[in-house]
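Text of the file protein14.pdb, holding PDB, C-alpha atoms:
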```pdb
MODEL        1
ATOM      1  CA  MET M   5      22.838   3.123  92.136
ATOM      2  CA  ALA M   6      20.521   3.494  89.373
ATOM      3  CA  SER M   7      17.649   5.919  89.518
ATOM      4  CA  SER M   8      14.478   5.406  87.652
ATOM      5  CA  SER M   9      13.782   8.610  85.865
ATOM      6  CA  GLY M  10      11.387   7.119  83.311
ATOM      7  CA  ASN M  11      14.180   6.435  80.840
ATOM      8  CA  SER M  12      14.225   2.726  80.236
ATOM      9  CA  SER M  13      17.178   2.727  77.902
ATOM     10  CA  VAL M  14      20.529   2.236  79.452
ATOM     11  CA  SER M  15      23.482   4.008  77.975
ATOM     12  CA  PRO M  16      26.492   1.807  77.318
ATOM     13  CA  ARG M  17      28.704   4.308  79.088
ATOM     14  CA  ILE M  18      26.769   4.046  82.288
ATOM     15  CA  GLN M  19      27.113   0.309  82.453
ATOM     16  CA  THR M  20      30.306  -0.783  83.988
ATOM     17  CA  SER M  21      30.002  -4.440  83.305
ATOM     18  CA  GLY M  22      32.209  -6.381  80.897
ATOM     19  CA  SER M  23      29.381  -6.876  78.462
ATOM     20  CA  GLU M  24      29.723  -3.302  77.242
ATOM     21  CA  GLY M  25      32.087  -4.415  74.499
ATOM     22  CA  ASP M  26      29.715  -7.225  73.589
ATOM     23  CA  LEU M  27      26.825  -4.804  73.237
ATOM     24  CA  VAL M  28      28.811  -2.501  70.975
ATOM     25  CA  GLN M  29      29.757  -5.506  68.877
ATOM     26  CA  VAL M  30      26.111  -6.600  68.593
ATOM     27  CA  ILE M  31      25.039  -3.098  67.580
ATOM     28  CA  ASP M  32      27.875  -2.873  65.048
ATOM     29  CA  GLN M  33      26.955  -6.276  63.690
ATOM     30  CA  LYS M  34      23.285  -5.247  63.345
ATOM     31  CA  LYS M  35      24.385  -2.046  61.592
ATOM     32  CA  ARG M  36      26.557  -4.004  59.211
ATOM     33  CA  LYS M  37      23.740  -6.481  58.475
ATOM     34  CA  ARG M  38      21.321  -3.608  57.854
ATOM     35  CA  MET M  39      23.852  -1.878  55.599
ATOM     36  CA  GLU M  40      24.493  -5.133  53.736
ATOM     37  CA  SER M  41      20.768  -5.733  53.387
ATOM     38  CA  ASN M  42      20.293  -2.163  52.097
ATOM     39  CA  ARG M  43      23.140  -2.592  49.619
ATOM     40  CA  GLU M  44      21.676  -5.871  48.392
ATOM     41  CA  SER M  45      18.227  -4.298  48.086
ATOM     42  CA  ALA M  46      19.706  -1.339  46.138
ATOM     43  CA  ARG M  47      21.613  -3.766  43.894
ATOM     44  CA  ARG M  48      18.407  -5.736  43.191
ATOM     45  CA  SER M  49      16.569  -2.474  42.508
ATOM     46  CA  ARG M  50      19.262  -1.373  40.028
ATOM     47  CA  MET M  51      19.120  -4.795  38.371
ATOM     48  CA  ARG M  52      15.308  -4.544  38.048
ATOM     49  CA  LYS M  53      15.618  -1.064  36.589
ATOM     50  CA  GLN M  54      18.295  -2.238  34.151
ATOM     51  CA  LYS M  55      16.174  -5.244  33.134
ATOM     52  CA  HIS M  56      13.157  -2.977  32.640
ATOM     53  CA  LEU M  57      15.273  -0.601  30.537
ATOM     54  CA  ASP M  58      16.616  -3.514  28.465
ATOM     55  CA  ASP M  59      13.056  -4.801  27.949
ATOM     56  CA  LEU M  60      11.901  -1.364  26.832
ATOM     57  CA  LEU M  61      14.838  -1.045  24.418
ATOM     58  CA  ALA M  62      14.067  -4.480  22.971
ATOM     59  CA  GLN M  63      10.422  -3.469  22.605
ATOM     60  CA  VAL M  64      11.432  -0.228  20.844
ATOM     61  CA  SER M  65      13.671  -2.217  18.509
ATOM     62  CA  GLN M  66      10.870  -4.686  17.727
ATOM     63  CA  ILE M  67       8.350  -1.903  17.105
ATOM     64  CA  LYS M  68      10.810  -0.092  14.806
ATOM     65  CA  LYS M  69      11.329  -3.326  12.879
ATOM     66  CA  GLU M  70       7.567  -3.850  12.528
ATOM     67  CA  ASN M  71       7.150  -0.201  11.518
ATOM     68  CA  ASN M  72       9.772  -0.589   8.778
ATOM     69  CA  GLU M  73       8.027  -3.728   7.511
ATOM     70  CA  ILE M  74       4.688  -1.908   7.446
ATOM     71  CA  LEU M  75       6.219   1.055   5.596
ATOM     72  CA  SER M  76       7.772  -1.339   3.094
ATOM     73  CA  ASN M  77       4.410  -3.043   2.570
ATOM     74  CA  ILE M  78       2.739   0.356   2.149
ATOM     75  CA  ASN M  79       5.320   1.363  -0.464
ATOM     76  CA  ILE M  80       4.886  -1.909  -2.364
ATOM     77  CA  THR M  81       1.099  -1.617  -2.220
ATOM     78  CA  THR M  82       1.236   2.011  -3.356
ATOM     79  CA  GLN M  83       3.433   1.035  -6.299
ATOM     80  CA  HIS M  84       1.005  -1.760  -7.234
ATOM     81  CA  TYR M  85      -1.883   0.692  -6.967
ATOM     82  CA  LEU M  86      -0.137   3.207  -9.237
ATOM     83  CA  ASN M  87       0.627   0.467 -11.768
ATOM     84  CA  VAL M  88      -2.984  -0.731 -11.760
ATOM     85  CA  GLU M  89      -4.251   2.842 -11.979
ATOM     86  CA  SER M  90      -1.995   3.504 -14.968
ATOM     87  CA  GLU M  91      -3.084   0.288 -16.664
ATOM     88  CA  ASN M  92      -6.705   1.152 -15.920
ATOM     89  CA  SER M  93      -6.282   4.573 -17.564
ATOM     90  CA  ILE M  94      -4.784   2.936 -20.639
ATOM     91  CA  LEU M  95      -7.648   0.435 -20.789
ATOM     92  CA  ARG M  96     -10.192   3.257 -20.453
ATOM     93  CA  ALA M  97      -8.545   5.085 -23.364
ATOM     94  CA  GLN M  98      -8.551   1.908 -25.445
ATOM     95  CA  LYS M  99     -12.210   1.300 -24.566
ATOM     96  CA  LEU M 100     -13.122   4.833 -25.637
ATOM     97  CA  GLU M 101     -11.236   4.480 -28.906
ATOM     98  CA  LEU M 102     -12.794   1.064 -29.586
ATOM     99  CA  SER M 103     -16.256   2.423 -28.776
ATOM    100  CA  GLN M 104     -15.730   5.245 -31.246
ATOM    101  CA  ARG M 105     -14.509   2.806 -33.894
ATOM    102  CA  LEU M 106     -17.493   0.526 -33.260
ATOM    103  CA  HIS M 107     -19.867   3.469 -33.577
ATOM    104  CA  SER M 108     -18.219   4.479 -36.864
ATOM    105  CA  LEU M 109     -18.383   0.912 -38.169
ATOM    106  CA  ASN M 110     -22.050   0.636 -37.168
ATOM    107  CA  GLU M 111     -22.765   3.841 -39.093
ATOM    108  CA  ILE M 112     -20.946   2.419 -42.102
ATOM    109  CA  LEU M 113     -22.922  -0.822 -41.848
ATOM    110  CA  GLY M 114     -26.132   1.189 -41.553
ATOM    111  CA  HIS M 115     -25.306   3.060 -44.740
ATOM    112  CA  ILE M 116     -24.376  -0.179 -46.503
ATOM    113  CA  ASN M 117     -27.561  -1.880 -45.315
ATOM    114  CA  SER M 118     -29.717   1.052 -46.381
ATOM    115  CA  TYR M 119     -27.959   1.110 -49.743
ATOM    116  CA  THR M 120     -28.380  -2.633 -50.309
ATOM    117  CA  ALA M 121     -31.952  -2.604 -48.935
ATOM    118  CA  GLY M 122     -32.893  -0.047 -51.536
ATOM    119  CA  ALA M 123     -31.270  -2.229 -54.196
ATOM    120  CA  ALA M 124     -33.155  -5.323 -53.012
ATOM    121  CA  THR M 125     -36.535  -3.777 -53.828
ATOM    122  CA  VAL M 126     -35.494  -3.206 -57.423
ATOM    123  CA  PRO M 127     -35.529  -6.290 -59.703
ATOM    124  CA  ALA M 128     -32.113  -7.561 -60.741
ATOM    125  CA  ALA M 129     -32.615  -6.736 -64.421
ATOM    126  CA  THR M 130     -33.630  -3.202 -63.553
ATOM    127  CA  TRP M 131     -30.693  -2.969 -61.172
ATOM    128  CA  ASN M 132     -28.316  -3.866 -63.961
ATOM    129  CA  CYS M 133     -29.945  -1.369 -66.259
ATOM    130  CA  MET M 134     -29.673   1.332 -63.618
ATOM    131  CA  PHE M 135     -25.947   0.747 -63.379
ATOM    132  CA  GLU M 136     -25.532   0.847 -67.117
ATOM    133  CA  ALA M 137     -27.728   3.899 -67.476
ATOM    134  CA  GLU M 138     -25.926   5.875 -64.809
ATOM    135  CA  GLU M 139     -22.591   4.812 -66.277
ATOM    136  CA  PHE M 140     -21.607   3.067 -63.084
ATOM    137  CA  GLN M 141     -21.480   6.317 -61.094
ATOM    138  CA  ASN M 142     -23.217   4.774 -58.086
ATOM    139  CA  LEU M 143     -21.036   1.672 -58.322
ATOM    140  CA  ASP M 144     -17.916   3.789 -58.171
ATOM    141  CA  LEU M 145     -19.362   5.595 -55.181
ATOM    142  CA  ALA M 146     -20.186   2.263 -53.485
ATOM    143  CA  ASP M 147     -16.744   0.857 -54.266
ATOM    144  CA  ASN M 148     -15.066   3.905 -52.783
ATOM    145  CA  PHE M 149     -17.289   3.752 -49.741
ATOM    146  CA  LEU M 150     -16.830   0.018 -49.179
ATOM    147  CA  GLY M 151     -13.157   0.123 -50.104
ATOM    148  CA  ASN M 152     -12.469   2.775 -47.468
ATOM    149  CA  SER M 153     -14.362   0.902 -44.780
ATOM    150  CA  TRP M 154     -12.550  -2.362 -45.591
ATOM    151  CA  ASN M 155      -9.238  -0.512 -45.586
ATOM    152  CA  SER M 156     -10.150   0.865 -42.163
ATOM    153  CA  MET M 157     -10.876  -2.648 -40.930
ATOM    154  CA  ALA M 158      -7.531  -3.820 -42.287
ATOM    155  CA  LEU M 159      -5.782  -0.986 -40.439
ATOM    156  CA  ILE M 160      -7.564  -1.896 -37.225
ATOM    157  CA  ASN M 161      -6.367  -5.477 -37.494
ATOM    158  CA  GLN M 162      -2.802  -4.510 -38.399
ATOM    159  CA  HIS M 163      -2.267  -1.799 -35.801
ATOM    160  CA  PRO M 164      -3.260  -2.500 -32.206
ATOM    161  CA  ILE M 165      -4.725   0.330 -30.219
ATOM    162  CA  MET M 166      -2.056   1.965 -28.140
ATOM    163  CA  ALA M 167      -2.455   4.567 -25.434
ATOM    164  CA  SER M 168      -0.345   5.739 -22.579
ATOM    165  CA  ALA M 169      -1.085   7.210 -19.183
ATOM    166  CA  GLU M 170       0.556  10.505 -20.178
ATOM    167  CA  ILE M 171      -2.433  11.492 -22.297
ATOM    168  CA  PHE M 172      -4.559  11.847 -19.166
ATOM    169  CA  ASP M 173      -4.419  14.672 -16.662
ATOM    170  CA  TYR M 174      -5.021  13.362 -13.194
TER     171      TYR M 174
ENDMDL
END
```

Target encoding structure tokens, full file:
Amino acid sequence: MASSSGNSSVSPRIQTSGSEGDLVQVIDQKKRKRMESNRESARRSRMRKQKHLDDLLAQVSQIKKENNEILSNINITTQHYLNVESENSILRAQKLELSQRLHSLNEILGHINSYTAGAATVPAATWNCMFEAEEFQNLDLADNFLGNSWNSMALINQHPIMASAEIFDY
């Protein structure tokens, strides 16, 4: 006889029927299915984790590759910048030297023009007499002056202006 004590679950030991073995088999089968399902779920979870790890490693590899390319581009650009900066310094030095030469040549031309302007106001016959009277002293002075300036021009044309970046302190 079974008493109802509020416990609705029946213990397999209390039952005396032949289905006791069947019930144990059903419970064991459910346990095995649950264990198999858990194992499969754990396997899928490990696979997801491994895939995520592989994706992250591939991303790290790609970022490192891009970083190396960027560093290479930076190095190339820096080298180009240094080359241009060096060339710019040389050009500045050449510009300064040419400006100084131009200033000197303009002074020379000013002296020549003032010398010849003074000679233009004197009549040619008087001019000739002045040279003879002064025993060509002014002519020698003019020849020396003009000769030196023309020699300077010849030197300018023969020797290009050269400068190097080492003459500048950065």

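One distance worth recording is that between atom CA of Ser93 of chain M and atom CA of Glu111 of chain M, which is 27.1 Å.
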
For atom CA of Asn72 of chain M and atom CA of Val88 of chain M, the interatomic separation in Å (one decimal): 24.2 Å

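Atom CA of Arg43 of chain M lies 26.5 Å from atom CA of Gly25 of chain M.
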